[in-house]
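A short worksheet on the structure shown next.
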Amino acid sequence: MSAAQRLDEARELLAGHPVVDGHNDLPWALRKQVRYDLDRRDIAGDQSAYLHTDIPRLRAGGVGAQFWSVYVSTELTGDEAVSATLEQVDAVDQLISRYPADLVRALSADDMEAARAEGRIASLMGAEGGHSINNSLATLRALHRLGVRYMTLTHNDTIDWADSATDEPRHGGLTDFGREVVREMNRVGMLVDLSHVAATTMRDALDATAAPVVFSHSSARAVCDHPRNIPDDVLERLPANGGVAMATFVPKFILPAAVEWTLAADENLRAHGLHHLDTTPEAMALHRAFEASRPRPMATAATVADHLDHMREVAGTDHIGIGGDYDGTAFTPAGLEDVAGYPNLIAELLTRGWSKADLAKLTWSNAVRVLRDAEAVARELSASGGPSNAVIG
């Protein structure tokens with residue numbers, strides 16, 4: 001079969017079993033670039049000069065559901081972080097209201113299936129970092145009522161109750177309050193997301209949770225030894241837990257040769273007074289100039305497929321998914337440059353002998369099932385106990 005025929009086969013599969021992507025940072029990109037002025041970044045049309053994401057490319061990529069990240073930087077703390085998170089939630093609300101023919105709010109697994117039947121893109125939200133709740137379980141519950149369906153326990157920095165993968169540990173994983181956060185997330189039906197957290201935090205959360213967990217955008221540490229990735233002993237626990245690990249596309253997390261290069265590129269941004277996570281036109285111009293003088297090691301769809309092969313072998317077909325991290329990274333793999341690229345990954349996996357049944361689980365069924373299972377746990381826990389009013393310290 002030719003490459004073109006394989007790509008057609010991938011697109012046909014995605015027409016019936018579209019991608020549920022676990023993590024897209026479009027709301028933060030809109031905040032940084034245009035302060036949520038959607039007239040200036042109208043994603044109804046081509047925004048490829050500025051963004052990885054717009055509706056035509058979501059359609060071309062076969063995306064059927066998207067967890068929009070309502071991330072805020074850990075430079076924001078306390079009530080300022082909470083307010084910024086609410087602004088991010090509002091931005092997603094604005095997107096859904098502005099593009100009703102293409103996007104529809106989804107709060108449950110049933111909503112996701114209804115959106116697929118209607119041919120619209122189910123839009124869910126995930127909060128990226130426990131700093132967004134300012135150590136308040138009431139704030140956690142408020143975010144759930146606003147539609148947030150997962151929370152990543154940390155971002156890049158260790159917080160008061162959980163250690164991050166990319167910061168100095170202070171707790172040895174989760175504190176007692178951190179375990180209470182996990183239990184309250186179980187009770188309300190918010191998925192516990194273990195991307196970004198230290199391996200000790202992953203293990204503690206798996207010990208504490210009564211519901212399946214997710215990794216919204218993490219790959220395999222055995223394939224690329226980066227602390228943002230998932231160790232095999234944690235992947236091995238997913239079948240018993242019922243969780244799903246969603247492979248990311250970020251080159252510095254999946255291609256060993258890209259790690260050092262990206263650190264240098266990020267330092268170049270900081271030397272010009274910009275944050276290393278910036279994807280503004282100014283930041284990208286600096287990245288392009290840096291790349292011209294120092295060629296970038298290129299990840300490809302095959303690089304991502306290597307991670308998925310390993311994750312499937314260790315965790316099993318029922319416990320893997322996709323979380324690209326588009327618009328949250330300056331660099332993407334060749335063939336996966338933006339949200340239109342998912343068919344290239346599926347074509348690569350078809351070439352490697354993945355069955356259509358296994359690919360349907362990867363793209364759609366696993367993510368829907370994990371949310372449905374978390375909802376069932378929440379019903380049981382809510383029936384037997386009320387809200388936790390625990391406080392930190």
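Convention: chains lettered A, B, ... in structure tokens order; per-chain residue numbering from 1; ligands numbered from 1 as shown.
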
Mind listing the helix (DSSP H, G or I) residues of stretch 51-293 of chain A, per DSSP on the backbone, as an NGL selection string?
-> :A and (55-60 or 78-98 or 109-118 or 130-133 or 137-145 or 176-188 or 199-208 or 232-235 or 238-241 or 251-254 or 256-271 or 281-293)

With only C-alpha atoms counted and 10 Å as the cut-off, give the residues of stretch 76-99 of chain A in contact with stretch 30-37 of chain A, each with its shortest interatomic distance in Å and the pair that gives it, as a Markdown table.
| residue | atom | partner | partner_atom | distance |
| --- | --- | --- | --- | --- |
| A:Ala84 | CA | A:Arg31 | CA | 9.9 |
| A:Glu87 | CA | A:Arg31 | CA | 9.0 |
| A:Gln88 | CA | A:Arg31 | CA | 8.0 |
| A:Asp90 | CA | A:Tyr36 | CA | 9.6 |
| A:Ala91 | CA | A:Tyr36 | CA | 6.7 |
| A:Val92 | CA | A:Tyr36 | CA | 9.9 |
| A:Gln94 | CA | A:Tyr36 | CA | 9.0 |
| A:Leu95 | CA | A:Tyr36 | CA | 9.7 |

Mind dumping the selected residues with N, CA and C atoms as a PDB file, in the first residue's frame?
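What landed in result_3.pdb:
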ATOM      1  N   ALA A  84      -6.808  34.480  37.122  1.00  0.00           N
ATOM      2  CA  ALA A  84      -6.341  34.223  35.755  1.00  0.00           C
ATOM      3  C   ALA A  84      -6.925  32.920  35.219  1.00  0.00           C
ATOM      4  N   GLU A  87     -10.322  33.630  34.030  1.00  0.00           N
ATOM      5  CA  GLU A  87     -10.272  34.297  32.725  1.00  0.00           C
ATOM      6  C   GLU A  87     -10.037  33.290  31.606  1.00  0.00           C
ATOM      7  N   GLN A  88      -9.222  32.271  31.877  1.00  0.00           N
ATOM      8  CA  GLN A  88      -8.991  31.218  30.891  1.00  0.00           C
ATOM      9  C   GLN A  88     -10.272  30.416  30.635  1.00  0.00           C
ATOM     10  N   ASP A  90     -13.244  31.544  30.981  1.00  0.00           N
ATOM     11  CA  ASP A  90     -14.103  32.445  30.208  1.00  0.00           C
ATOM     12  C   ASP A  90     -13.701  32.463  28.739  1.00  0.00           C
ATOM     13  N   ALA A  91     -12.408  32.381  28.472  1.00  0.00           N
ATOM     14  CA  ALA A  91     -11.947  32.370  27.076  1.00  0.00           C
ATOM     15  C   ALA A  91     -12.479  31.150  26.343  1.00  0.00           C
ATOM     16  N   VAL A  92     -12.470  29.990  27.006  1.00  0.00           N
ATOM     17  CA  VAL A  92     -13.034  28.785  26.379  1.00  0.00           C
ATOM     18  C   VAL A  92     -14.526  28.978  26.150  1.00  0.00           C
ATOM     19  N   GLN A  94     -16.019  31.738  25.565  1.00  0.00           N
ATOM     20  CA  GLN A  94     -16.161  32.627  24.413  1.00  0.00           C
ATOM     21  C   GLN A  94     -15.960  31.871  23.095  1.00  0.00           C
ATOM     22  N   LEU A  95     -14.979  30.985  23.065  1.00  0.00           N
ATOM     23  CA  LEU A  95     -14.742  30.206  21.849  1.00  0.00           C
ATOM     24  C   LEU A  95     -15.947  29.341  21.504  1.00  0.00           C
TER      25      LEU A  95
END

Could you build a table of the residues in stretch 245-314 of chain A lying no more than 12 Å from stretch 217-233 of chain A, giving for each the nearest pair of atoms and their separation in Å rounded to one decimal place, using only C-alpha atoms, ordered by chain and ascending residue number, as CSV?
residue,atom,partner,partner_atom,distance
A:Ala245,CA,A:Ser218,CA,6.9
A:Met246,CA,A:His217,CA,5.3
A:Ala247,CA,A:Ser219,CA,4.6
A:Thr248,CA,A:His217,CA,4.6
A:Phe249,CA,A:His217,CA,8.1
A:Val250,CA,A:His217,CA,8.9
A:Pro251,CA,A:Cys224,CA,10.0
A:Lys252,CA,A:His226,CA,8.2
A:Phe253,CA,A:His226,CA,6.1
A:Ile254,CA,A:Cys224,CA,5.4
A:Leu255,CA,A:Cys224,CA,6.1
A:Pro256,CA,A:Cys224,CA,5.6
A:Ala257,CA,A:Cys224,CA,9.4
A:Ala258,CA,A:Cys224,CA,10.1
A:Val259,CA,A:His226,CA,8.4
A:Glu260,CA,A:His226,CA,11.2
A:Ala299,CA,A:Cys224,CA,11.8
A:Thr303,CA,A:Val223,CA,9.4
A:Val304,CA,A:Ser219,CA,8.3
A:Ala305,CA,A:Ser219,CA,10.3
A:Asp306,CA,A:Val223,CA,7.6
A:His307,CA,A:Ala220,CA,5.7
A:Leu308,CA,A:Ser219,CA,7.8
A:Asp309,CA,A:Ala220,CA,9.6
A:His310,CA,A:Ala220,CA,7.1
A:Met311,CA,A:Ala220,CA,6.4
A:Arg312,CA,A:Ala220,CA,10.2
A:Glu313,CA,A:Asp232,CA,10.2
A:Val314,CA,A:Asp232,CA,6.9

Near-stretch 383-388 of chain A list (9 Å; only C-alpha atoms; drop same-chain fewer than 3 positions) as an MDAnalysis selection string | chainID A and resid 137:138 141 180:181 183:184 187:188 378:380 391

Excluding A:His275 and residues on its chain fewer than 2 positions from it, collect all residues at most 12 Å away from it, counting only C-alpha atoms, and give them as a list of chain:residue names.
-> A:Lys32, A:Ser73, A:Thr74, A:Glu75, A:Ala265, A:Asp266, A:Glu267, A:Asn268, A:Leu269, A:Arg270, A:Ala271, A:His272, A:Gly273, A:Leu277, A:Asp278, A:Thr279, A:Thr280, A:Glu282, A:Ala283, A:Met284, A:Leu286, A:Thr329, A:Ala330

Write the residues of the selection above to a file with N, CA, C and O atoms, as a compact mmCIF listing (two decimals), in the first residue's frame.
# COMPACT_ATOMS: atom_id res chain seq x y z
N LYS A 32 -1.81 35.54 25.65
CA LYS A 32 -0.50 36.17 25.46
C LYS A 32 -0.42 37.00 24.20
O LYS A 32 0.23 38.05 24.17
N SER A 73 0.40 30.58 34.28
CA SER A 73 1.79 30.45 34.69
C SER A 73 1.91 30.36 36.20
O SER A 73 1.16 31.00 36.95
N THR A 74 2.91 29.60 36.66
CA THR A 74 3.18 29.53 38.10
C THR A 74 3.83 30.82 38.62
O THR A 74 4.02 30.96 39.83
N GLU A 75 4.13 31.74 37.72
CA GLU A 75 4.54 33.08 38.17
C GLU A 75 3.36 33.80 38.83
O GLU A 75 3.55 34.76 39.57
N ALA A 265 17.78 27.03 23.19
CA ALA A 265 16.83 27.93 22.53
C ALA A 265 16.01 28.70 23.56
O ALA A 265 15.74 29.90 23.40
N ASP A 266 15.60 28.02 24.63
CA ASP A 266 14.83 28.68 25.69
C ASP A 266 15.68 29.74 26.39
O ASP A 266 15.19 30.83 26.72
N GLU A 267 16.95 29.43 26.62
CA GLU A 267 17.83 30.40 27.26
C GLU A 267 18.02 31.62 26.36
O GLU A 267 18.12 32.76 26.85
N ASN A 268 18.04 31.40 25.06
CA ASN A 268 18.13 32.52 24.12
C ASN A 268 16.93 33.45 24.26
O ASN A 268 17.06 34.68 24.20
N LEU A 269 15.74 32.87 24.45
CA LEU A 269 14.56 33.71 24.68
C LEU A 269 14.70 34.52 25.95
O LEU A 269 14.41 35.73 25.98
N ARG A 270 15.11 33.86 27.02
CA ARG A 270 15.24 34.57 28.30
C ARG A 270 16.27 35.68 28.21
O ARG A 270 16.10 36.74 28.84
N ALA A 271 17.32 35.47 27.43
CA ALA A 271 18.34 36.52 27.25
C ALA A 271 17.76 37.77 26.58
O ALA A 271 18.29 38.87 26.74
N HIS A 272 16.66 37.59 25.86
CA HIS A 272 15.98 38.72 25.21
C HIS A 272 14.77 39.19 26.02
O HIS A 272 13.92 39.94 25.51
N GLY A 273 14.67 38.73 27.27
CA GLY A 273 13.62 39.21 28.16
C GLY A 273 12.27 38.54 27.97
O GLY A 273 11.26 39.06 28.45
N LEU A 277 8.27 29.83 27.60
CA LEU A 277 7.07 29.22 27.05
C LEU A 277 6.36 30.12 26.04
O LEU A 277 5.33 29.74 25.49
N ASP A 278 6.90 31.32 25.78
CA ASP A 278 6.24 32.23 24.85
C ASP A 278 6.21 31.65 23.44
O ASP A 278 7.20 31.09 22.95
N THR A 279 5.06 31.79 22.78
CA THR A 279 4.94 31.43 21.36
C THR A 279 4.41 32.63 20.58
O THR A 279 3.80 32.46 19.53
N THR A 280 4.65 33.82 21.08
CA THR A 280 4.24 35.03 20.38
C THR A 280 5.06 35.18 19.10
O THR A 280 6.13 34.58 18.95
N GLU A 282 6.98 37.54 18.24
CA GLU A 282 8.32 38.01 18.60
C GLU A 282 9.19 36.84 19.07
O GLU A 282 10.36 36.72 18.66
N ALA A 283 8.63 35.98 19.90
CA ALA A 283 9.39 34.84 20.39
C ALA A 283 9.75 33.88 19.26
O ALA A 283 10.88 33.37 19.20
N MET A 284 8.80 33.64 18.37
CA MET A 284 9.06 32.70 17.29
C MET A 284 10.10 33.25 16.32
O MET A 284 10.88 32.49 15.74
N LEU A 286 12.66 35.05 17.20
CA LEU A 286 13.93 34.78 17.86
C LEU A 286 14.30 33.30 17.74
O LEU A 286 15.47 32.96 17.52
N THR A 329 3.85 24.84 23.01
CA THR A 329 5.24 24.55 22.70
C THR A 329 5.64 25.32 21.45
O THR A 329 4.83 25.50 20.54
N ALA A 330 6.87 25.78 21.43
CA ALA A 330 7.35 26.49 20.25
C ALA A 330 7.66 25.54 19.10
O ALA A 330 7.59 25.93 17.93

Would you mind writing down, as a list of chain:residue names, each residue of stretch 112-292 of chain A that DSSP on the backbone assigns to strand (DSSP E)?
->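 In stretch 112-292 of chain A, DSSP puts these residues in strand (DSSP E): A:Ile121, A:Ala122, A:Ser123, A:Leu124, A:Met125, A:Gly126, A:Ala127, A:Glu128, A:Val148, A:Arg149, A:Tyr150, A:Met151, A:Thr152, A:Leu191, A:Val192, A:Asp193, A:Val213, A:Val214, A:Phe215, A:Val244, A:Ala245, A:Met246, A:Ala247.
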
Return the single residue from A:Ala376, A:Val244, A:Ala122, A:Val82 that is closest to A:Ser136, with distances computed using only C-alpha atoms.
-> A:Val82

One-decimal distance in Å that lies between atom CA of A:Ser293 and atom CA of A:Gly341 | 27.1 Å

Atom CA of A:Ala340 and atom CA of A:Ala285, how far apart in Å?
-> 22.6 Å

May I ask for the distance between atom CA of A:Gly62 and atom CA of A:Thr363, given in Å to one decimal place?
-> 9.6 Å

Pick out the residues sitting within 6 Å of A:Asp325, and hand them over as a list in words; count only C-alpha atoms, and ignore anything fewer than 3 positions along from it in its own chain.
->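 So, after excluding close chain neighbours, the residues are His23, Asn24 and Gly328 of chain A.
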
What lies within 10 Å of A:Leu174 using only C-alpha atoms, ignoring chain neighbours under 5 positions off, as a VMD selection string?
-> chain A and resid 153 159 to 164 179 to 182 197 to 198 200 to 205 208

Selection above as a file: all heavy atoms, as a short mmCIF file (atom, residue, chain, number, x, y, z; two decimals), in the first residue's frame:
data_model
loop_
_atom_site.label_atom_id
_atom_site.label_comp_id
_atom_site.auth_asym_id
_atom_site.auth_seq_id
_atom_site.Cartn_x
_atom_site.Cartn_y
_atom_site.Cartn_z
N LEU A 153 -1.91 18.08 38.71
CA LEU A 153 -1.64 18.41 40.11
C LEU A 153 -0.57 19.49 40.26
O LEU A 153 -0.65 20.32 41.17
CB LEU A 153 -1.26 17.15 40.89
CG LEU A 153 -2.34 16.07 40.95
CD1 LEU A 153 -1.90 14.94 41.89
CD2 LEU A 153 -3.70 16.61 41.37
N ILE A 159 4.50 22.74 44.37
CA ILE A 159 3.56 23.59 45.09
C ILE A 159 3.49 23.14 46.55
O ILE A 159 4.22 22.26 46.97
CB ILE A 159 2.17 23.58 44.42
CG1 ILE A 159 1.59 22.15 44.35
CG2 ILE A 159 2.24 24.19 43.02
CD1 ILE A 159 0.15 22.09 43.85
N ASP A 160 2.61 23.74 47.31
CA ASP A 160 2.58 23.51 48.76
C ASP A 160 2.24 22.07 49.12
O ASP A 160 2.51 21.65 50.24
CB ASP A 160 1.56 24.44 49.42
CG ASP A 160 2.00 25.89 49.41
OD1 ASP A 160 3.22 26.14 49.29
OD2 ASP A 160 1.13 26.78 49.51
N TRP A 161 1.64 21.32 48.19
CA TRP A 161 1.18 19.98 48.55
C TRP A 161 1.56 18.89 47.56
O TRP A 161 1.15 17.74 47.73
CB TRP A 161 -0.34 19.98 48.76
CG TRP A 161 -1.15 20.71 47.71
CD1 TRP A 161 -1.52 22.02 47.73
CD2 TRP A 161 -1.69 20.16 46.50
NE1 TRP A 161 -2.26 22.34 46.62
CE2 TRP A 161 -2.38 21.22 45.85
CE3 TRP A 161 -1.68 18.90 45.92
CZ2 TRP A 161 -3.04 21.04 44.63
CZ3 TRP A 161 -2.32 18.72 44.70
CH2 TRP A 161 -2.99 19.78 44.08
N ALA A 162 2.38 19.22 46.55
CA ALA A 162 2.77 18.19 45.58
C ALA A 162 4.07 18.58 44.90
O ALA A 162 4.30 19.76 44.57
CB ALA A 162 1.67 18.01 44.53
N ASP A 163 4.92 17.58 44.69
CA ASP A 163 6.20 17.79 44.01
C ASP A 163 6.03 17.73 42.50
O ASP A 163 5.33 16.86 41.97
CB ASP A 163 7.21 16.73 44.43
CG ASP A 163 7.74 16.93 45.84
OD1 ASP A 163 7.76 18.08 46.30
OD2 ASP A 163 8.14 15.93 46.47
N SER A 164 6.72 18.64 41.82
CA SER A 164 6.74 18.69 40.35
C SER A 164 7.91 17.89 39.81
O SER A 164 8.94 17.71 40.49
CB SER A 164 6.83 20.15 39.88
OG SER A 164 7.13 20.22 38.50
N ARG A 179 -3.19 14.45 49.21
CA ARG A 179 -4.03 13.26 49.11
C ARG A 179 -5.51 13.61 49.27
O ARG A 179 -6.37 13.01 48.61
CB ARG A 179 -3.59 12.22 50.14
CG ARG A 179 -2.31 11.48 49.74
CD ARG A 179 -1.92 10.42 50.74
NE ARG A 179 -1.18 11.00 51.85
CZ ARG A 179 0.15 11.17 51.86
NH1 ARG A 179 0.87 10.80 50.80
NH2 ARG A 179 0.76 11.71 52.90
N GLU A 180 -5.80 14.60 50.10
CA GLU A 180 -7.17 15.06 50.26
C GLU A 180 -7.68 15.71 48.97
O GLU A 180 -8.84 15.54 48.59
CB GLU A 180 -7.28 16.04 51.42
CG GLU A 180 -8.69 16.38 51.83
CD GLU A 180 -9.45 15.23 52.49
OE1 GLU A 180 -8.83 14.18 52.78
OE2 GLU A 180 -10.66 15.37 52.70
N VAL A 181 -6.79 16.44 48.27
CA VAL A 181 -7.16 17.01 46.97
C VAL A 181 -7.55 15.90 46.00
O VAL A 181 -8.58 15.98 45.31
CB VAL A 181 -6.00 17.85 46.38
CG1 VAL A 181 -6.30 18.26 44.94
CG2 VAL A 181 -5.73 19.09 47.24
N VAL A 182 -6.75 14.84 45.95
CA VAL A 182 -7.06 13.72 45.06
C VAL A 182 -8.41 13.11 45.41
O VAL A 182 -9.23 12.84 44.53
CB VAL A 182 -5.93 12.65 45.13
CG1 VAL A 182 -6.37 11.35 44.45
CG2 VAL A 182 -4.65 13.19 44.51
N VAL A 197 4.00 16.03 37.07
CA VAL A 197 4.34 15.77 38.47
C VAL A 197 5.54 14.84 38.59
O VAL A 197 5.87 14.08 37.67
CB VAL A 197 3.13 15.20 39.25
CG1 VAL A 197 1.90 16.07 39.08
CG2 VAL A 197 2.83 13.75 38.86
N ALA A 198 6.20 14.90 39.74
CA ALA A 198 7.32 13.99 40.02
C ALA A 198 6.83 12.55 40.05
O ALA A 198 5.67 12.27 40.36
CB ALA A 198 7.95 14.36 41.35
N THR A 200 7.41 10.40 42.25
CA THR A 200 6.91 10.11 43.59
C THR A 200 5.46 10.56 43.75
O THR A 200 4.66 9.89 44.40
CB THR A 200 7.79 10.81 44.64
OG1 THR A 200 7.94 12.19 44.28
CG2 THR A 200 9.16 10.16 44.74
N THR A 201 5.13 11.71 43.14
CA THR A 201 3.76 12.20 43.19
C THR A 201 2.83 11.28 42.39
O THR A 201 1.70 11.01 42.81
CB THR A 201 3.69 13.64 42.66
OG1 THR A 201 4.60 14.46 43.39
CG2 THR A 201 2.29 14.21 42.77
N MET A 202 3.31 10.81 41.24
CA MET A 202 2.52 9.85 40.46
C MET A 202 2.15 8.65 41.32
O MET A 202 0.98 8.22 41.35
CB MET A 202 3.32 9.36 39.24
CG MET A 202 3.68 10.40 38.22
SD MET A 202 4.74 9.66 36.92
CE MET A 202 5.35 11.13 36.10
N ARG A 203 3.14 8.09 42.00
CA ARG A 203 2.92 6.86 42.77
C ARG A 203 1.99 7.13 43.96
O ARG A 203 1.10 6.33 44.24
CB ARG A 203 4.26 6.30 43.23
CG ARG A 203 5.13 5.86 42.04
CD ARG A 203 6.53 5.42 42.47
NE ARG A 203 7.36 5.20 41.29
CZ ARG A 203 8.50 5.84 41.03
NH1 ARG A 203 8.97 6.75 41.88
NH2 ARG A 203 9.18 5.59 39.92
N ASP A 204 2.20 8.28 44.63
CA ASP A 204 1.32 8.62 45.76
C ASP A 204 -0.11 8.82 45.30
O ASP A 204 -1.06 8.41 45.97
CB ASP A 204 1.82 9.89 46.44
CG ASP A 204 3.01 9.64 47.36
OD1 ASP A 204 3.40 8.47 47.54
OD2 ASP A 204 3.55 10.63 47.90
N ALA A 205 -0.29 9.48 44.14
CA ALA A 205 -1.64 9.71 43.64
C ALA A 205 -2.32 8.40 43.27
O ALA A 205 -3.52 8.21 43.53
CB ALA A 205 -1.59 10.65 42.43
N ALA A 208 -3.58 6.88 46.32
CA ALA A 208 -4.67 7.61 46.98
C ALA A 208 -5.98 7.57 46.21
O ALA A 208 -7.06 7.66 46.79
CB ALA A 208 -4.26 9.06 47.21
#

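Shortest atom-to-atom contact with A:Ala114 among A:Leu14, A:Leu146, A:Val368, A:Met151: A:Val368, counting only C-alpha atoms.
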
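The closest residue to A:Ala357, picked from A:Leu107, A:Ala3, A:Leu51, A:Leu13 and counting only C-alpha atoms, is A:Leu13.
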
Quick one: of A:Ile43, A:Ala117, A:Ala15, A:Leu7, who's nearest to A:Ala360, counting only C-alpha atoms?
->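 Of A:Ile43, A:Ala117, A:Ala15, A:Leu7, the one nearest A:Ala360 is A:Ala15, counting only C-alpha atoms.
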
Contacts of A:Asp373 at 12 Å (only C-alpha atoms; same-chain gap of 4+ positions) as a list in words =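 Contacts, in chain order: Ser108, Ala109, Asp110, Asn186, Gly189, Met190, Leu191, Ala210, Ala211, Pro212, Val213, Val214, Asn241, Gly242, Gly243, Val244, Asn366, Ala367, Val368, Arg369, Val377, Ala378, Arg379 and Glu380 of chain A.
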
Please produce a file of those selected residues containing C-alpha atoms, as an mmCIF file, in the first residue's frame.
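The resulting file, again_5.cif, is reproduced below:
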data_model
loop_
_atom_site.group_PDB
_atom_site.id
_atom_site.type_symbol
_atom_site.label_atom_id
_atom_site.label_comp_id
_atom_site.auth_asym_id
_atom_site.auth_seq_id
_atom_site.Cartn_x
_atom_site.Cartn_y
_atom_site.Cartn_z
ATOM 1 C CA SER A 108 -19.458 14.261 30.465
ATOM 2 C CA ALA A 109 -18.665 11.166 28.449
ATOM 3 C CA ASP A 110 -22.243 11.205 27.153
ATOM 4 C CA ASN A 186 -12.576 11.702 42.871
ATOM 5 C CA GLY A 189 -15.684 13.634 39.174
ATOM 6 C CA MET A 190 -12.619 15.637 38.159
ATOM 7 C CA LEU A 191 -9.887 13.519 36.588
ATOM 8 C CA ALA A 210 -10.326 5.664 43.846
ATOM 9 C CA ALA A 211 -10.822 6.684 40.199
ATOM 10 C CA PRO A 212 -8.793 6.276 37.015
ATOM 11 C CA VAL A 213 -6.096 8.891 36.411
ATOM 12 C CA VAL A 214 -4.868 10.490 33.205
ATOM 13 C CA ASN A 241 -6.150 1.765 37.979
ATOM 14 C CA GLY A 242 -8.006 2.027 34.656
ATOM 15 C CA GLY A 243 -6.196 5.205 33.667
ATOM 16 C CA VAL A 244 -4.942 6.537 30.339
ATOM 17 C CA ASN A 366 -10.042 5.152 25.904
ATOM 18 C CA ALA A 367 -10.434 8.833 26.716
ATOM 19 C CA VAL A 368 -14.232 8.645 26.726
ATOM 20 C CA ARG A 369 -14.155 5.553 28.922
ATOM 21 C CA VAL A 377 -16.788 6.717 40.997
ATOM 22 C CA ALA A 378 -17.992 10.258 41.729
ATOM 23 C CA ARG A 379 -21.605 9.087 41.961
ATOM 24 C CA GLU A 380 -20.652 6.408 44.480
#

Identify which of the residues A:Thr77, A:Ser132, A:Ser48, A:Thr300 lies closest to A:Val89, counting only C-alpha atoms when measuring atom-to-atom distances.
->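 The answer is A:Ser132, which sits nearest to A:Val89.
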